[in-house]
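Written below as structure tokens is the structure these notes are about.
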Amino acid sequence: MIEMFHRIMQGGLTRDEARASAARNRPDRSGRSRFIFQFEPQNETFKFRIQFKKSHVSRDELISTLREILSQLEGSSSEADSTAA
């Protein structure tokens, strides 16, 4: 916690980054930490965050999950258009 305070004070960590870091290191109610993947492109037009119910997810499993999400979104494009506001 002291290390994070110093990083914030030195300008190396924004408020949102500090919160995300704390959330990643916080175990859930069952005592296990959950795997969180976060992505923000350089142009910062959006932030993407996905949380898994387990503490470790392989790169291949992450890619497979993202493909499944994309497939479901493509399959329900008319529904996604009306809810993506």
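As shown in the structure tokens, the chain order sets the letters A, B, ...; within each chain, residues go from 1, and ligands are also counted from 1 in the order they appear.
The shell of residues at most 12 Å from Val57 in chain A, with only C-alpha atoms counted and near chain neighbours (fewer than 4 positions) removed, consists of Ser33, Arg34, Phe35, Ile36, Phe37, Ile50, Gln51, Phe52, Lys53, Glu61, Leu62, Ile63, Ser64 and Thr65 of chain A.
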Using all heavy atoms, can you write the selected residues to a file as a short mmCIF file (atom, residue, chain, number, x, y, z; two decimals), in the first residue's frame?
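Once written, again-v2.cif looks like this:
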data_model
loop_
_atom_site.label_atom_id
_atom_site.label_comp_id
_atom_site.auth_asym_id
_atom_site.auth_seq_id
_atom_site.Cartn_x
_atom_site.Cartn_y
_atom_site.Cartn_z
N SER A 33 -8.21 -15.25 -6.01
CA SER A 33 -8.23 -14.08 -6.86
C SER A 33 -8.73 -14.48 -8.24
O SER A 33 -8.64 -15.64 -8.64
CB SER A 33 -6.83 -13.47 -6.95
OG SER A 33 -5.93 -14.39 -7.50
N ARG A 34 -9.29 -13.55 -8.96
CA ARG A 34 -9.84 -13.80 -10.29
C ARG A 34 -8.93 -13.18 -11.33
O ARG A 34 -8.30 -12.16 -11.08
CB ARG A 34 -11.25 -13.23 -10.40
CG ARG A 34 -12.19 -13.93 -9.44
CD ARG A 34 -13.58 -13.42 -9.59
NE ARG A 34 -14.45 -14.15 -8.67
CZ ARG A 34 -15.71 -14.40 -8.92
NH1 ARG A 34 -16.26 -13.98 -10.02
NH2 ARG A 34 -16.43 -15.05 -8.05
N PHE A 35 -8.90 -13.79 -12.49
CA PHE A 35 -8.08 -13.28 -13.59
C PHE A 35 -8.85 -12.18 -14.31
O PHE A 35 -10.00 -12.37 -14.69
CB PHE A 35 -7.74 -14.41 -14.57
CG PHE A 35 -6.87 -13.96 -15.70
CD1 PHE A 35 -5.50 -13.93 -15.56
CD2 PHE A 35 -7.42 -13.56 -16.90
CE1 PHE A 35 -4.68 -13.51 -16.60
CE2 PHE A 35 -6.62 -13.14 -17.95
CZ PHE A 35 -5.26 -13.12 -17.80
N ILE A 36 -8.20 -11.02 -14.48
CA ILE A 36 -8.83 -9.90 -15.17
C ILE A 36 -7.93 -9.49 -16.32
O ILE A 36 -6.74 -9.24 -16.13
CB ILE A 36 -9.04 -8.70 -14.22
CG1 ILE A 36 -9.96 -9.10 -13.08
CG2 ILE A 36 -9.59 -7.50 -14.99
CD1 ILE A 36 -10.09 -8.06 -11.99
N PHE A 37 -8.51 -9.43 -17.50
CA PHE A 37 -7.80 -8.95 -18.69
C PHE A 37 -8.36 -7.58 -19.03
O PHE A 37 -9.57 -7.39 -19.12
CB PHE A 37 -8.00 -9.90 -19.87
CG PHE A 37 -7.44 -9.37 -21.16
CD1 PHE A 37 -6.08 -9.43 -21.41
CD2 PHE A 37 -8.27 -8.79 -22.11
CE1 PHE A 37 -5.55 -8.93 -22.59
CE2 PHE A 37 -7.75 -8.30 -23.29
CZ PHE A 37 -6.39 -8.36 -23.54
N ILE A 50 -12.41 -7.90 -19.06
CA ILE A 50 -13.13 -9.16 -18.90
C ILE A 50 -12.57 -9.85 -17.66
O ILE A 50 -11.37 -9.87 -17.43
CB ILE A 50 -13.00 -10.05 -20.16
CG1 ILE A 50 -13.80 -11.33 -20.02
CG2 ILE A 50 -11.55 -10.35 -20.48
CD1 ILE A 50 -13.91 -12.13 -21.30
N GLN A 51 -13.47 -10.37 -16.85
CA GLN A 51 -13.08 -11.02 -15.59
C GLN A 51 -13.48 -12.48 -15.64
O GLN A 51 -14.62 -12.82 -15.96
CB GLN A 51 -13.78 -10.32 -14.43
CG GLN A 51 -13.47 -10.93 -13.08
CD GLN A 51 -14.09 -10.13 -11.95
OE1 GLN A 51 -14.17 -8.92 -12.02
NE2 GLN A 51 -14.55 -10.82 -10.93
N PHE A 52 -12.53 -13.34 -15.33
CA PHE A 52 -12.78 -14.78 -15.29
C PHE A 52 -13.00 -15.22 -13.84
O PHE A 52 -12.55 -14.56 -12.91
CB PHE A 52 -11.59 -15.54 -15.88
CG PHE A 52 -11.44 -15.35 -17.37
CD1 PHE A 52 -10.81 -14.23 -17.88
CD2 PHE A 52 -11.91 -16.30 -18.24
CE1 PHE A 52 -10.67 -14.05 -19.25
CE2 PHE A 52 -11.77 -16.14 -19.62
CZ PHE A 52 -11.15 -15.00 -20.12
N LYS A 53 -13.65 -16.33 -13.67
CA LYS A 53 -13.94 -16.84 -12.33
C LYS A 53 -12.78 -17.64 -11.74
O LYS A 53 -12.90 -18.14 -10.64
CB LYS A 53 -15.20 -17.70 -12.35
CG LYS A 53 -16.44 -16.89 -12.63
CD LYS A 53 -17.67 -17.76 -12.58
CE LYS A 53 -18.92 -16.92 -12.81
NZ LYS A 53 -20.13 -17.73 -12.74
N GLU A 61 -6.68 -19.67 -24.02
CA GLU A 61 -8.04 -19.64 -23.46
C GLU A 61 -8.63 -18.23 -23.56
O GLU A 61 -9.82 -18.07 -23.85
CB GLU A 61 -8.02 -20.11 -22.01
CG GLU A 61 -9.39 -20.27 -21.42
CD GLU A 61 -9.36 -20.86 -20.02
OE1 GLU A 61 -8.28 -21.14 -19.49
OE2 GLU A 61 -10.46 -21.05 -19.47
N LEU A 62 -7.81 -17.22 -23.33
CA LEU A 62 -8.27 -15.84 -23.47
C LEU A 62 -8.70 -15.56 -24.91
O LEU A 62 -9.79 -15.03 -25.15
CB LEU A 62 -7.17 -14.86 -23.05
CG LEU A 62 -7.46 -13.38 -23.28
CD1 LEU A 62 -8.67 -12.93 -22.48
CD2 LEU A 62 -6.24 -12.55 -22.93
N ILE A 63 -7.88 -15.97 -25.86
CA ILE A 63 -8.21 -15.77 -27.28
C ILE A 63 -9.48 -16.52 -27.65
O ILE A 63 -10.36 -15.98 -28.33
CB ILE A 63 -7.03 -16.19 -28.17
CG1 ILE A 63 -5.87 -15.21 -27.97
CG2 ILE A 63 -7.43 -16.26 -29.64
CD1 ILE A 63 -4.56 -15.66 -28.59
N SER A 64 -9.61 -17.75 -27.18
CA SER A 64 -10.81 -18.54 -27.45
C SER A 64 -12.06 -17.86 -26.88
O SER A 64 -13.11 -17.81 -27.54
CB SER A 64 -10.64 -19.94 -26.86
OG SER A 64 -11.81 -20.68 -26.97
N THR A 65 -11.96 -17.34 -25.69
CA THR A 65 -13.08 -16.66 -25.06
C THR A 65 -13.46 -15.39 -25.83
O THR A 65 -14.64 -15.12 -26.06
CB THR A 65 -12.75 -16.29 -23.60
OG1 THR A 65 -12.44 -17.50 -22.89
CG2 THR A 65 -13.90 -15.58 -22.92
#
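Pairwise distance (CA of Phe39 in chain A, CA of Ser76 in chain A) equals 23.4 Å.
Shortest separation to Ala22 in chain A among A:Glu40, A:Glu68, A:Asp60, A:Glu3 occurs at residue A:Glu3, atoms counted being only C-alpha atoms.
For the pair CA of Ile2 in chain A and CA of Ser21 in chain A, the separation is 13.5 Å.
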